[in-house]
$ cat target_18.cif   # mmCIF, C-alpha atoms and all ligand atoms
data_coords
loop_
_atom_site.label_atom_id
_atom_site.label_comp_id
_atom_site.auth_asym_id
_atom_site.auth_seq_id
_atom_site.Cartn_x
_atom_site.Cartn_y
_atom_site.Cartn_z
CA MET A 6 -1.00 29.26 23.88
CA ASN A 7 -2.18 27.55 26.99
CA ALA A 8 0.29 24.79 27.91
CA ALA A 9 -2.53 22.91 29.63
CA ASP A 10 -4.46 22.83 26.37
CA PRO A 11 -1.78 22.21 23.77
CA ALA A 12 -4.21 20.97 21.12
CA ALA A 13 -5.23 24.59 20.65
CA ASP A 14 -2.25 25.52 18.51
CA TRP A 15 -0.60 23.03 16.15
CA GLY A 16 1.83 25.67 14.88
CA TYR A 17 3.09 26.07 18.42
CA LEU A 18 3.39 22.34 19.13
CA ILE A 19 5.29 21.47 15.95
CA GLN A 20 7.82 24.08 14.93
CA GLU A 21 10.48 23.78 12.27
CA ASP A 22 13.27 23.16 14.73
CA ARG A 23 11.50 21.79 17.82
CA ILE A 24 8.57 19.76 19.07
CA HIS A 25 6.58 20.39 22.20
CA ARG A 26 6.93 17.76 24.94
CA SER A 27 3.17 17.28 25.11
CA VAL A 28 3.29 15.60 21.69
CA TYR A 29 4.84 12.69 23.61
CA THR A 30 3.13 13.02 26.98
CA SER A 31 -0.44 14.25 26.52
CA GLU A 32 -3.22 11.67 26.93
CA ALA A 33 -5.53 13.93 24.93
CA LEU A 34 -3.12 14.16 22.01
CA PHE A 35 -2.61 10.38 22.10
CA ARG A 36 -6.36 9.82 21.84
CA ARG A 37 -6.52 12.26 18.96
CA GLU A 38 -3.64 10.46 17.19
CA MET A 39 -5.60 7.21 17.28
CA TYR A 40 -8.33 9.00 15.35
CA SER A 41 -6.68 11.72 13.25
CA ILE A 42 -3.68 9.65 12.21
CA PHE A 43 -4.54 5.98 12.58
CA ALA A 44 -8.08 6.34 11.20
CA HIS A 45 -7.05 8.63 8.33
CA THR A 46 -4.03 7.04 6.75
CA TRP A 47 -2.78 3.64 5.58
CA VAL A 48 -1.64 1.65 8.61
CA PHE A 49 0.60 -1.42 8.44
CA VAL A 50 -1.09 -4.42 10.06
CA GLY A 51 0.95 -7.46 9.03
CA HIS A 52 2.68 -9.45 6.32
CA GLU A 53 0.94 -11.84 3.95
CA SER A 54 3.36 -14.63 4.82
CA GLU A 55 1.97 -14.63 8.38
CA ILE A 56 -1.34 -15.93 7.01
CA PRO A 57 -0.34 -18.10 4.03
CA LYS A 58 -3.33 -20.50 4.00
CA ALA A 59 -7.11 -20.16 3.96
CA GLY A 60 -8.29 -20.03 7.57
CA ASP A 61 -5.12 -18.41 8.94
CA PHE A 62 -5.28 -15.32 11.11
CA VAL A 63 -3.27 -12.99 13.35
CA THR A 64 -4.64 -10.46 15.82
CA ARG A 65 -3.28 -6.91 15.99
CA HIS A 66 -4.39 -3.36 16.72
CA LEU A 67 -5.23 -0.62 14.29
CA GLY A 68 -4.71 2.59 16.22
CA GLY A 69 -5.86 0.92 19.44
CA ARG A 70 -8.77 -0.92 17.81
CA PRO A 71 -8.44 -4.71 18.15
CA VAL A 72 -8.48 -6.31 14.68
CA ILE A 73 -8.15 -9.78 13.17
CA ILE A 74 -6.16 -10.12 9.93
CA THR A 75 -7.58 -13.12 8.08
CA ARG A 76 -7.24 -15.09 4.87
CA ASP A 77 -10.56 -16.40 3.60
CA ALA A 78 -11.40 -19.43 1.47
CA HIS A 79 -10.80 -17.40 -1.73
CA ALA A 80 -7.33 -16.38 -0.49
CA ASP A 81 -8.53 -12.80 0.06
CA VAL A 82 -7.17 -10.88 3.05
CA HIS A 83 -9.53 -9.07 5.43
CA VAL A 84 -9.07 -6.82 8.40
CA LEU A 85 -11.99 -7.43 10.77
CA PHE A 86 -12.75 -5.47 13.91
CA ASN A 87 -12.28 -7.97 16.72
CA ARG A 88 -15.54 -6.97 18.33
CA CYS A 89 -18.60 -9.15 18.35
CA ALA A 90 -21.66 -7.76 16.57
CA HIS A 91 -23.75 -8.90 19.53
CA ARG A 92 -22.51 -7.24 22.71
CA GLY A 93 -18.99 -6.29 21.72
CA ALA A 94 -16.85 -9.08 23.22
CA LYS A 95 -13.52 -9.94 21.62
CA VAL A 96 -14.34 -12.72 19.19
CA CYS A 97 -10.76 -13.96 18.79
CA ARG A 98 -8.46 -14.03 21.80
CA GLU A 99 -5.39 -15.71 20.31
CA ASP A 100 -2.32 -13.96 18.85
CA LYS A 101 -2.36 -16.14 15.75
CA GLY A 102 -3.63 -19.45 14.43
CA SER A 103 -5.84 -21.17 11.92
CA CYS A 104 -9.53 -22.01 12.28
CA LYS A 105 -12.64 -22.93 10.32
CA VAL A 106 -14.77 -20.19 11.88
CA PHE A 107 -14.53 -17.61 14.65
CA VAL A 108 -16.84 -18.39 17.58
CA CYS A 109 -17.46 -15.64 20.10
CA PRO A 110 -16.92 -17.13 23.56
CA TYR A 111 -19.81 -15.16 25.08
CA HIS A 112 -22.98 -16.44 23.25
CA SER A 113 -21.33 -18.31 20.36
CA TRP A 114 -22.23 -15.97 17.52
CA THR A 115 -20.06 -17.39 14.75
CA TYR A 116 -18.29 -15.72 11.80
CA ASP A 117 -16.35 -16.69 8.70
CA HIS A 118 -12.98 -15.18 7.69
CA ALA A 119 -14.67 -12.40 5.76
CA GLY A 120 -16.57 -11.44 8.92
CA ARG A 121 -19.92 -12.77 7.70
CA SER A 122 -22.28 -14.31 10.21
CA VAL A 123 -22.31 -18.09 9.95
CA SER A 124 -24.64 -18.91 12.82
CA VAL A 125 -26.47 -17.31 15.72
CA PRO A 126 -27.74 -19.70 18.42
CA LEU A 127 -31.53 -19.78 18.84
CA ASP A 128 -31.91 -17.16 16.15
CA TYR A 129 -35.71 -17.56 15.91
CA ALA A 130 -36.02 -14.81 18.51
CA TYR A 131 -34.40 -12.12 16.30
CA ASP A 132 -36.37 -10.16 13.74
CA ALA A 133 -33.53 -9.61 11.24
CA ASP A 134 -32.20 -12.45 9.12
CA ARG A 135 -28.50 -13.11 8.74
CA GLU A 136 -28.41 -11.95 5.11
CA SER A 137 -29.13 -8.40 6.32
CA GLY A 138 -25.54 -7.95 7.51
CA LYS A 139 -26.75 -6.99 10.97
CA PHE A 140 -24.99 -10.01 12.48
CA ASP A 141 -21.67 -9.55 10.63
CA LEU A 142 -18.38 -8.29 12.02
CA LEU A 143 -17.41 -4.82 10.91
CA ARG A 144 -14.52 -4.76 8.43
CA ALA A 145 -11.88 -2.14 7.63
CA PRO A 146 -13.31 -0.64 4.43
CA ARG A 147 -9.99 -0.63 2.60
CA VAL A 148 -7.32 -3.31 2.74
CA SER A 149 -4.44 -3.37 0.31
CA SER A 150 -1.09 -5.11 0.05
CA TYR A 151 2.10 -3.83 -1.46
CA ARG A 152 4.45 -6.70 -2.29
CA GLY A 153 3.39 -8.68 0.80
CA PHE A 154 2.93 -5.81 3.27
CA ILE A 155 -0.73 -5.57 4.35
CA PHE A 156 -2.15 -2.14 5.10
CA ALA A 157 -5.64 -1.09 6.19
CA CYS A 158 -7.26 2.31 5.86
CA LEU A 159 -10.44 3.44 7.57
CA ASP A 160 -10.76 6.60 5.45
CA PRO A 161 -12.39 6.21 2.02
CA GLU A 162 -10.96 9.58 0.93
CA GLN A 163 -7.31 8.61 1.10
CA PRO A 164 -5.37 7.93 -2.11
CA ALA A 165 -4.60 4.36 -3.18
CA LEU A 166 -1.84 2.64 -1.20
CA GLU A 167 0.70 2.76 -4.02
CA ASP A 168 0.28 6.55 -4.34
CA TYR A 169 0.43 6.94 -0.59
CA LEU A 170 3.77 5.12 -0.39
CA ALA A 171 5.34 7.77 -2.65
CA GLY A 172 9.17 7.55 -2.58
CA ALA A 173 9.07 4.77 0.04
CA ARG A 174 7.85 2.43 -2.68
CA GLN A 175 11.20 2.52 -4.46
CA VAL A 176 13.00 1.69 -1.20
CA ILE A 177 10.69 -1.27 -0.55
CA ASP A 178 11.32 -2.44 -4.13
CA GLU A 179 15.09 -2.25 -3.62
CA TRP A 180 14.76 -4.11 -0.32
CA LEU A 181 12.92 -6.96 -2.07
CA ASP A 182 14.51 -6.97 -5.52
CA ARG A 183 17.96 -7.88 -4.24
CA TYR A 184 16.65 -11.46 -3.98
CA GLY A 185 15.99 -11.75 -7.72
CA GLY A 186 12.38 -12.93 -7.39
CA GLY A 187 12.68 -14.72 -4.03
CA GLU A 188 9.74 -14.12 -1.70
CA VAL A 189 10.42 -12.61 1.72
CA GLU A 190 8.64 -14.50 4.47
CA VAL A 191 8.18 -13.65 8.12
CA SER A 192 9.87 -16.44 10.05
CA GLY A 193 9.67 -15.33 13.66
CA THR A 194 8.48 -12.52 15.89
CA GLN A 195 9.90 -10.76 18.91
CA ARG A 196 7.67 -8.33 20.74
CA TYR A 197 9.11 -5.59 22.95
CA ARG A 198 6.87 -3.77 25.41
CA ILE A 199 8.34 -0.29 25.80
CA ALA A 200 7.34 2.21 28.51
CA ALA A 201 7.53 5.15 26.13
CA ASN A 202 5.56 6.97 23.46
CA TRP A 203 5.48 5.26 20.06
CA LYS A 204 7.08 8.21 18.25
CA PHE A 205 10.41 7.76 20.03
CA VAL A 206 10.74 4.66 17.88
CA THR A 207 10.16 6.56 14.64
CA ASP A 208 12.38 9.44 15.80
CA ASN A 209 15.19 6.95 16.29
CA GLN A 210 14.67 4.94 13.12
CA GLY A 211 16.25 7.61 10.91
CA ASP A 212 18.70 8.90 13.52
CA GLY A 213 22.21 8.56 12.11
CA TYR A 214 23.55 10.74 14.93
CA HIS A 215 23.14 8.28 17.81
CA PRO A 216 24.86 4.98 16.83
CA ALA A 217 28.40 5.97 17.82
CA TYR A 218 27.22 7.12 21.24
CA SER A 219 24.23 4.94 22.14
CA HIS A 220 25.79 1.76 20.81
CA ARG A 221 29.31 2.60 21.94
CA SER A 222 29.75 -0.61 23.94
CA LEU A 223 28.79 -2.75 20.94
CA LEU A 224 31.08 -0.82 18.58
CA MET A 225 33.97 -0.86 21.05
CA MET A 226 33.61 -4.56 21.72
CA ALA A 227 33.62 -5.32 18.00
CA ALA A 228 36.51 -2.94 17.26
CA SER A 229 38.72 -4.16 20.09
CA ARG A 230 38.28 -7.82 19.25
CA TYR A 231 37.72 -7.91 15.53
CA GLY A 232 38.85 -4.60 14.02
CA ASP A 233 36.87 -2.44 11.65
CA LYS A 234 33.42 -4.09 11.56
CA ASP A 235 29.78 -3.35 10.86
CA MET A 236 28.64 0.16 11.84
CA GLN A 237 32.17 1.40 12.52
CA TYR A 238 31.47 3.88 9.73
CA PHE A 239 29.25 5.72 12.24
CA ALA A 240 32.12 6.08 14.69
CA ALA A 241 34.02 9.17 13.50
CA ASP A 242 31.97 11.80 11.62
CA PRO A 243 29.22 9.96 9.71
CA ASP A 244 28.41 13.15 7.77
CA ALA A 245 31.81 12.83 6.11
CA SER A 246 30.75 9.44 4.74
CA ASP A 247 28.61 8.63 1.71
CA MET A 248 25.65 7.58 3.86
CA PHE A 249 22.59 9.79 3.75
CA VAL A 250 19.00 10.25 4.86
CA LYS A 251 16.11 11.18 2.62
CA GLY A 252 12.64 12.55 3.34
CA PHE A 253 9.71 11.70 1.06
CA ARG A 254 6.15 12.90 0.62
CA ASN A 255 3.51 11.79 3.19
CA GLY A 256 5.90 11.55 6.14
CA HIS A 257 8.04 8.63 4.97
CA TYR A 258 11.85 8.71 5.14
CA TYR A 259 14.88 6.46 5.16
CA LEU A 260 18.49 6.22 6.17
CA ASP A 261 20.85 4.52 3.74
CA GLN A 262 24.00 2.80 5.03
CA ARG A 263 24.57 0.93 1.78
CA PRO A 264 27.06 3.41 0.28
CA GLU A 265 29.47 2.51 3.10
CA MET A 266 28.39 -1.08 3.72
CA HIS A 267 28.94 -2.19 0.17
CA LYS A 268 32.15 -0.31 -0.52
CA VAL A 269 34.02 -3.57 -0.09
CA SER A 270 31.81 -6.34 1.24
CA ALA A 271 28.97 -6.28 3.76
CA TRP A 272 29.75 -9.92 4.59
CA GLU A 273 33.36 -9.03 5.47
CA LEU A 274 32.11 -6.21 7.72
CA GLN A 275 29.67 -8.42 9.62
CA ARG A 276 30.51 -9.11 13.25
CA PRO A 277 31.37 -12.74 14.21
CA GLN A 278 28.42 -15.11 14.40
CA PRO A 279 27.99 -18.81 15.10
CA GLY A 280 28.49 -20.84 11.92
CA ARG A 281 30.09 -18.05 9.92
CA GLU A 282 33.39 -19.78 9.14
CA HIS A 283 31.66 -23.01 8.19
CA LEU A 284 29.31 -21.23 5.80
CA GLU A 285 32.17 -19.34 4.19
CA GLN A 286 34.03 -22.60 3.58
CA SER A 287 31.12 -24.76 2.45
CA LEU A 288 29.24 -22.46 0.06
CA PRO A 289 31.88 -22.20 -2.72
CA ASP A 290 32.05 -26.00 -3.08
CA LYS A 291 28.32 -26.21 -3.48
CA TYR A 292 27.59 -23.14 -5.59
CA GLY A 293 30.89 -21.92 -7.05
CA VAL A 294 32.90 -18.92 -5.88
CA ASP A 295 30.83 -16.14 -7.49
CA GLU A 296 27.44 -17.47 -6.43
CA ALA A 297 28.78 -18.17 -2.94
CA ARG A 298 29.92 -14.56 -2.67
CA ARG A 299 26.47 -13.32 -3.78
CA LEU A 300 24.76 -15.56 -1.23
CA LEU A 301 27.03 -14.42 1.61
CA GLU A 302 26.19 -10.80 0.85
CA LEU A 303 22.50 -11.70 1.23
CA ALA A 304 23.13 -13.32 4.62
CA VAL A 305 23.81 -9.91 6.19
CA GLY A 306 21.57 -6.90 6.74
CA ALA A 307 20.10 -4.79 3.95
CA GLY A 308 21.76 -1.59 5.20
CA MET A 309 18.68 0.58 5.17
CA ASN A 310 16.26 1.93 7.74
CA LEU A 311 12.94 2.86 6.16
CA THR A 312 9.96 4.39 7.94
CA VAL A 313 6.58 4.22 6.22
CA PHE A 314 4.40 6.69 8.08
CA PRO A 315 3.09 6.00 10.63
CA ASN A 316 4.10 2.51 11.80
CA LEU A 317 5.99 0.28 9.33
CA LEU A 318 9.76 0.11 9.62
CA LEU A 319 12.27 -1.88 7.61
CA ILE A 320 15.55 -2.24 9.46
CA GLY A 321 18.28 -4.45 8.06
CA ASN A 322 16.55 -7.68 7.04
CA GLN A 323 13.79 -7.18 9.58
CA VAL A 324 10.31 -5.74 9.46
CA GLN A 325 8.98 -3.80 12.43
CA LEU A 326 5.44 -2.86 13.34
CA ILE A 327 4.78 -0.17 15.93
CA ASP A 328 1.64 -0.72 17.99
CA PRO A 329 0.83 2.26 20.24
CA LEU A 330 -0.96 0.96 23.34
CA GLY A 331 -1.02 4.13 25.41
CA VAL A 332 0.65 7.53 25.53
CA ALA A 333 3.67 5.95 27.25
CA GLU A 334 3.22 2.29 26.33
CA THR A 335 4.19 0.77 23.00
CA ASP A 336 4.57 -2.70 21.57
CA LEU A 337 7.30 -3.01 18.97
CA TYR A 338 7.14 -6.15 16.83
CA TRP A 339 10.38 -7.33 15.21
CA PHE A 340 9.72 -9.80 12.42
CA ALA A 341 12.68 -11.87 11.28
CA THR A 342 12.60 -12.85 7.61
CA THR A 343 13.73 -15.72 5.43
CA VAL A 344 13.78 -15.72 1.64
CA SER A 345 12.17 -18.46 -0.46
CA ASN A 346 14.97 -18.86 -2.99
CA LEU A 347 17.93 -18.82 -0.59
CA PRO A 348 19.54 -22.07 0.64
CA ASP A 349 18.58 -23.13 4.16
CA GLU A 350 22.07 -22.50 5.51
CA VAL A 351 21.98 -18.92 4.20
CA ASN A 352 18.57 -18.35 5.80
CA ALA A 353 19.99 -19.79 9.02
CA MET A 354 22.87 -17.29 8.88
CA ARG A 355 20.35 -14.49 8.23
CA MET A 356 18.69 -15.55 11.46
CA ARG A 357 22.01 -15.20 13.32
CA THR A 358 22.35 -11.69 11.83
CA GLN A 359 18.81 -10.87 12.90
CA GLU A 360 19.53 -12.03 16.44
CA ASP A 361 22.59 -9.82 16.62
CA PHE A 362 21.31 -6.27 16.69
CA PRO A 363 18.05 -6.80 18.63
CA MET A 364 20.08 -8.50 21.36
CA PHE A 365 23.11 -6.19 21.47
CA GLY A 366 21.81 -2.88 20.12
CA GLU A 367 18.06 -2.54 20.59
CA VAL A 368 18.44 -2.65 24.36
CA ASP A 369 20.38 0.62 24.15
CA ASP A 370 17.63 2.20 22.06
CA VAL A 371 14.81 1.06 24.33
CA GLU A 372 16.65 2.43 27.37
CA ASN A 373 16.87 5.77 25.57
CA PHE A 374 13.16 5.80 24.64
CA GLU A 375 12.12 5.19 28.25
CA SER A 376 14.62 7.71 29.53
CA CYS A 377 13.34 10.39 27.13
CA GLN A 378 9.76 9.67 28.23
CA ALA A 379 10.76 10.22 31.86
CA GLY A 380 12.67 13.39 30.95
CA LEU A 381 9.70 14.85 29.11
CA GLY A 382 7.70 14.56 32.31
CA ILE A 383 9.42 17.76 33.49
CA PRO A 384 6.89 20.50 32.64
CA GLU A 385 9.37 23.37 32.79
CA ALA A 386 11.60 21.95 30.06
CA GLU A 387 9.22 22.10 27.13
CA TRP A 388 11.04 21.30 23.91
CA VAL A 389 12.50 18.41 21.95
CA ASP A 390 15.11 19.53 19.44
CA CYS A 391 15.00 18.49 15.77
CA SER A 392 17.15 21.24 14.26
CA ARG A 393 20.21 19.27 13.19
CA HIS A 394 21.32 20.35 9.69
CA LEU A 395 18.25 22.58 9.37
CA HIS A 396 20.34 25.52 8.18
CA SER A 397 23.59 23.88 7.11
CA ASP A 398 22.68 24.16 3.45
CA ARG A 399 23.48 20.52 2.73
CA GLU A 400 20.05 19.37 1.60
CA VAL A 401 19.61 18.31 -2.01
CA VAL A 402 16.13 18.36 -3.50
CA GLU A 403 15.60 15.40 -5.82
CA ASP A 404 12.58 14.28 -7.87
CA ASP A 405 11.09 12.05 -5.18
CA GLY A 406 12.30 13.72 -1.99
CA THR A 407 15.06 15.62 -0.21
CA ARG A 408 18.41 14.08 0.59
CA ALA A 409 20.53 15.27 3.54
CA PRO A 410 23.62 14.25 5.53
CA VAL A 411 23.09 11.04 7.48
CA THR A 412 22.87 12.78 10.88
CA SER A 413 20.27 15.30 9.68
CA ASP A 414 16.97 15.62 11.52
CA ILE A 415 15.20 15.97 8.17
CA THR A 416 13.80 12.54 9.07
CA MET A 417 11.95 13.88 12.13
CA ARG A 418 10.99 17.08 10.33
CA THR A 419 9.49 15.01 7.50
CA PHE A 420 7.52 12.84 9.93
CA TYR A 421 6.15 15.69 12.05
CA LYS A 422 5.14 17.76 9.03
CA GLU A 423 2.74 14.95 8.10
CA TRP A 424 1.77 14.38 11.74
CA LYS A 425 0.86 18.05 12.05
CA ARG A 426 -1.11 18.05 8.78
CA LEU A 427 -3.24 15.10 9.87
CA MET A 428 -3.67 16.19 13.48
CA SER A 429 -4.78 19.68 12.49
CA MET A 430 -7.45 18.53 10.03
CA GLU A 431 -11.02 19.41 10.92
CA ASP A 432 -12.98 16.53 12.46
S1 LIG A 501 -21.02 -10.92 22.76
FE1 LIG A 501 -20.45 -12.28 21.22
S2 LIG A 501 -22.03 -13.70 21.13
FE2 LIG A 501 -22.67 -12.35 22.66
FE FE A 502 20.01 2.55 17.69
#

$ encode --input "target_18.cif" --output "structure tokens"
Amino acid sequence: MNAADPAADWGYLIQEDRIHRSVYTSEALFRREMYSIFAHTWVFVGHESEIPKAGDFVTRHLGGRPVIITRDAHADVHVLFNRCAHRGAKVCREDKGSCKVFVCPYHSWTYDHAGRSVSVPLDYAYDADRESGKFDLLRAPRVSSYRGFIFACLDPEQPALEDYLAGARQVIDEWLDRYGGGEVEVSGTQRYRIAANWKFVTDNQGDGYHPAYSHRSLLMMAASRYGDKDMQYFAADPDASDMFVKGFRNGHYYLDQRPEMHKVSAWELQRPQPGREHLEQSLPDKYGVDEARRLLELAVGAGMNLTVFPNLLLIGNQVQLIDPLGVAETDLYWFATTVSNLPDEVNAMRMRTQEDFPMFGEVDDVENFESCQAGLGIPEAEWVDCSRHLHSDREVVEDDGTRAPVTSDITMRTFYKEWKRLMSMED
């Protein structure tokens, strides 16, 4: 193995108990990821509620490729490469909006929301006619939604989205079904720019080992002022709790806090928030005691961290999208959500909950990601450890995946097994 040419040996880079630093630091491996992973699997690009009406759009990236997610006049969703068919300029330069057509700023070639050419100025001088498709935007060949989550796939050989989701599908269903038919809608976006490789975010998403240490200040503040509150169950030995992690097929995994969160009441465990007392007092008068209790439980986080390989995360009531911009530059979108059948005041309280962790906890995580990136710049120290609970004999194989103690690195091992499979495929 030549350390300067790590792509030569995938078995060396990804071992059962450790990962080579170059997986996070190599420009060459990053470029290969954008092809071998992001062009060969289903990639999360947005939520249908971001583009509810005909003409709506958002712009994103699909493995570094600029794309426009659109809703056309027939309510169909498309993922268009944001690259003019003429000379390649970015056709749409807004983050989101609504429009009748897309007009390229360079020479005004114009497109509809399915990417079809609508007009080409002075077109008498071209030989082809517009029906030929030559003047159209290129589209992602496969676009599919699962219960509102829009994915695109550039590889015609991949299985259908629902098969691809494997065991993650059940977790998404549970995340949505607790609202009894209410639709989850994206209601706001925060975007973090992180000076670190995108996989530090996925490594952390299923990491039940770090909360007591990384988020110590948050836990201590809550404990000293308010007693035993949210996430205190991570404080002693989380492996002695009923929480767990589970790895699925295709690189997906999740961490489940619900067994502890719902032992008594997730609402009771929630840290103080503006408006909490008022909501607790006013809801029973309006809806009765039992319904008020149900609604309060829906005002707090869902208690699960799901990763859908490679870039969709569900965390609490939020949706996250990871957008890798460079080997050490990542945008992380946090989408807050409201639910169509919840009263406004409950949705408002959900917003307070969704402001809580990104403000008080995510800063700790981002600091760790950037610190790890800097640490992995040391060539002599080559390895990242992912061996926790590898040989402790506490894994349970179930029909849809493997369950392990909540601090197990089975989450990372699940992710990198799929990463290695895709990266090592022949071109
Ligand atoms: S590059 Fe878009 S119209 Fe010329
Ligand atoms: Fe964290």

$ residues_around --input "target_18.cif" --residues "Ala217 (chain A)" --least-positions-apart "5" --cutoff "8 Å" --atoms "all atoms listed in the file" --output "VMD selection string"
chain A and resid 224 237 239 to 241

$ closest_residue --input "target_18.cif" --among "A:Arg135, A:Arg426, A:Arg230, A:Arg26" --to "Val123 (chain A)" --atoms "only C-alpha atoms"
A:Arg135

$ closest_atom_pairs --input "target_18.cif" --of "chain A" --to "ligand LIG 501 (chain A)" --cutoff "7 Å" --atoms "only C-alpha atoms and all ligand atoms" --output "JSON lines"
{"residue": "A:Cys89", "atom": "CA", "partner": "A:LIG501", "partner_atom": "FE1", "distance": 4.6}
{"residue": "A:Ala90", "atom": "CA", "partner": "A:LIG501", "partner_atom": "FE1", "distance": 6.6}
{"residue": "A:His91", "atom": "CA", "partner": "A:LIG501", "partner_atom": "S1", "distance": 4.7}
{"residue": "A:Arg92", "atom": "CA", "partner": "A:LIG501", "partner_atom": "S1", "distance": 4.0}
{"residue": "A:Gly93", "atom": "CA", "partner": "A:LIG501", "partner_atom": "S1", "distance": 5.2}
{"residue": "A:Ala94", "atom": "CA", "partner": "A:LIG501", "partner_atom": "S1", "distance": 4.6}
{"residue": "A:Val96", "atom": "CA", "partner": "A:LIG501", "partner_atom": "FE1", "distance": 6.5}
{"residue": "A:Cys109", "atom": "CA", "partner": "A:LIG501", "partner_atom": "FE1", "distance": 4.6}
{"residue": "A:Pro110", "atom": "CA", "partner": "A:LIG501", "partner_atom": "FE1", "distance": 6.4}
{"residue": "A:Tyr111", "atom": "CA", "partner": "A:LIG501", "partner_atom": "FE2", "distance": 4.7}
{"residue": "A:His112", "atom": "CA", "partner": "A:LIG501", "partner_atom": "S2", "distance": 3.6}
{"residue": "A:Ser113", "atom": "CA", "partner": "A:LIG501", "partner_atom": "S2", "distance": 4.7}
{"residue": "A:Trp114", "atom": "CA", "partner": "A:LIG501", "partner_atom": "S2", "distance": 4.3}

$ residues_near_ligand --input "target_18.cif" --ligand "ligand FE 502 (chain A)" --cutoff "7 Å" --atoms "only C-alpha atoms and all ligand atoms" --output "ChimeraX atom specification"
/A:209,215-216,219-220,366-367,369-370

$ axis_aligned_box --input "target_18.cif" --around "region 244-252 of chain A" --padding-each-side "4 Å" --output "lines of an AutoDock Vina configuration file"
center_x = 22.2
center_y = 10.4
center_z = 4.7
size_x = 27.2
size_y = 13.6
size_z = 14.1

$ residues_around --input "target_18.cif" --residues "Ala201 (chain A)" --least-positions-apart "5" --cutoff "8 Å" --atoms "only C-alpha atoms" --output "PDB file with C-alpha atoms, keeping the file's coordinate frame"
ATOM      1  CA  VAL A 332       0.650   7.530  25.530  1.00  0.00           C
ATOM      2  CA  ALA A 333       3.670   5.950  27.250  1.00  0.00           C
ATOM      3  CA  GLU A 334       3.220   2.290  26.330  1.00  0.00           C
ATOM      4  CA  THR A 335       4.190   0.770  23.000  1.00  0.00           C
ATOM      5  CA  PHE A 374      13.160   5.800  24.640  1.00  0.00           C
ATOM      6  CA  GLU A 375      12.120   5.190  28.250  1.00  0.00           C
ATOM      7  CA  CYS A 377      13.340  10.390  27.130  1.00  0.00           C
ATOM      8  CA  GLN A 378       9.760   9.670  28.230  1.00  0.00           C
TER       9      GLN A 378
END

$ residues_around --input "target_18.cif" --residues "Lys234 (chain A)" --least-positions-apart "2" --cutoff "10 Å" --atoms "only C-alpha atoms" --output "JSON, numbers by chain"
{"A": [224, 227, 228, 230, 231, 232, 236, 237, 238, 266, 271, 272, 273, 274, 275, 276, 277]}

$ closest_residue --input "target_18.cif" --among "A:Gln323, A:Ser270, A:Thr46, A:Ser103" --to "Arg299 (chain A)" --atoms "only C-alpha atoms"
A:Ser270

$ closest_residue --input "target_18.cif" --among "A:Val106, A:Ala409, A:Met354, A:Ile19" --to "Phe249 (chain A)" --atoms "all atoms listed in the file"
A:Ala409

$ closest_residue --input "target_18.cif" --among "A:Gly185, A:Pro164, A:Pro71, A:Gly306" --to "Gly321 (chain A)" --atoms "only C-alpha atoms"
A:Gly306

$ atom_distance --input "target_18.cif" --atom1 "CA of Val108 (chain A)" --atom2 "CA of Asp132 (chain A)"
21.5 Å

$ closest_residue --input "target_18.cif" --among "A:Val269, A:Ala341, A:Ile415, A:Val176" --to "Arg196 (chain A)" --atoms "all atoms listed in the file"
A:Ala341

$ residues_around --input "target_18.cif" --residues "region 307-309 of chain A" --least-positions-apart "3" --cutoff "8 Å" --atoms "all atoms listed in the file" --output "NGL selection string"
:A and (180 or 259-263 or 266 or 303 or 319-322)

$ closest_atom_pairs --input "target_18.cif" --of "region 62-95 of chain A" --to "region 137-156 of chain A" --cutoff "6 Å" --atoms "all atoms listed in the file" --output "Markdown table"
| residue | atom | partner | partner_atom | distance |
| --- | --- | --- | --- | --- |
| A:Val84 | CA | A:Ala145 | CA | 5.5 |
| A:Leu85 | CA | A:Arg144 | CA | 4.4 |
| A:Phe86 | CA | A:Leu143 | CA | 5.6 |
| A:Ala90 | CA | A:Leu142 | CA | 5.6 |

$ closest_residue --input "target_18.cif" --among "A:Phe43, A:Tyr17, A:Tyr338, A:Tyr116" --to "Asp77 (chain A)" --atoms "all atoms listed in the file"
A:Tyr116

$ residues_around --input "target_18.cif" --residues "Ser192 (chain A)" --least-positions-apart "3" --cutoff "8 Å" --atoms "all atoms listed in the file" --output "MDAnalysis selection string"
chainID A and resid 340:343

$ atom_distance --input "target_18.cif" --atom1 "CA of Phe362 (chain A)" --atom2 "CA of Gln195 (chain A)"
12.5 Å

$ residues_near_point --input "target_18.cif" --point "(10.8, 8.4, -5.5)" --cutoff "10 Å" --atoms "all atoms listed in the file" --output "PyMOL selection string"
chain A and resi 170-176+252-254+403-407

$ decode --input "target_18.cif" --residues "region 21-32 of chain A" --atoms "C-alpha atoms" --output "PDB file, in the first residue's frame"
ATOM      1  CA  GLU A  21     -13.367  -3.603  10.238  1.00  0.00           C
ATOM      2  CA  ASP A  22     -12.178  -1.563  13.184  1.00  0.00           C
ATOM      3  CA  ARG A  23     -10.581   1.511  11.599  1.00  0.00           C
ATOM      4  CA  ILE A  24     -10.696   3.915   8.685  1.00  0.00           C
ATOM      5  CA  HIS A  25      -7.749   5.507   6.975  1.00  0.00           C
ATOM      6  CA  ARG A  26      -7.425   9.283   7.409  1.00  0.00           C
ATOM      7  CA  SER A  27      -7.266   9.819   3.658  1.00  0.00           C
ATOM      8  CA  VAL A  28     -10.950   8.849   3.423  1.00  0.00           C
ATOM      9  CA  TYR A  29     -11.538  12.287   4.976  1.00  0.00           C
ATOM     10  CA  THR A  30      -8.628  14.266   3.561  1.00  0.00           C
ATOM     11  CA  SER A  31      -7.848  13.081   0.026  1.00  0.00           C
ATOM     12  CA  GLU A  32      -8.968  15.341  -2.836  1.00  0.00           C
TER      13      GLU A  32
END
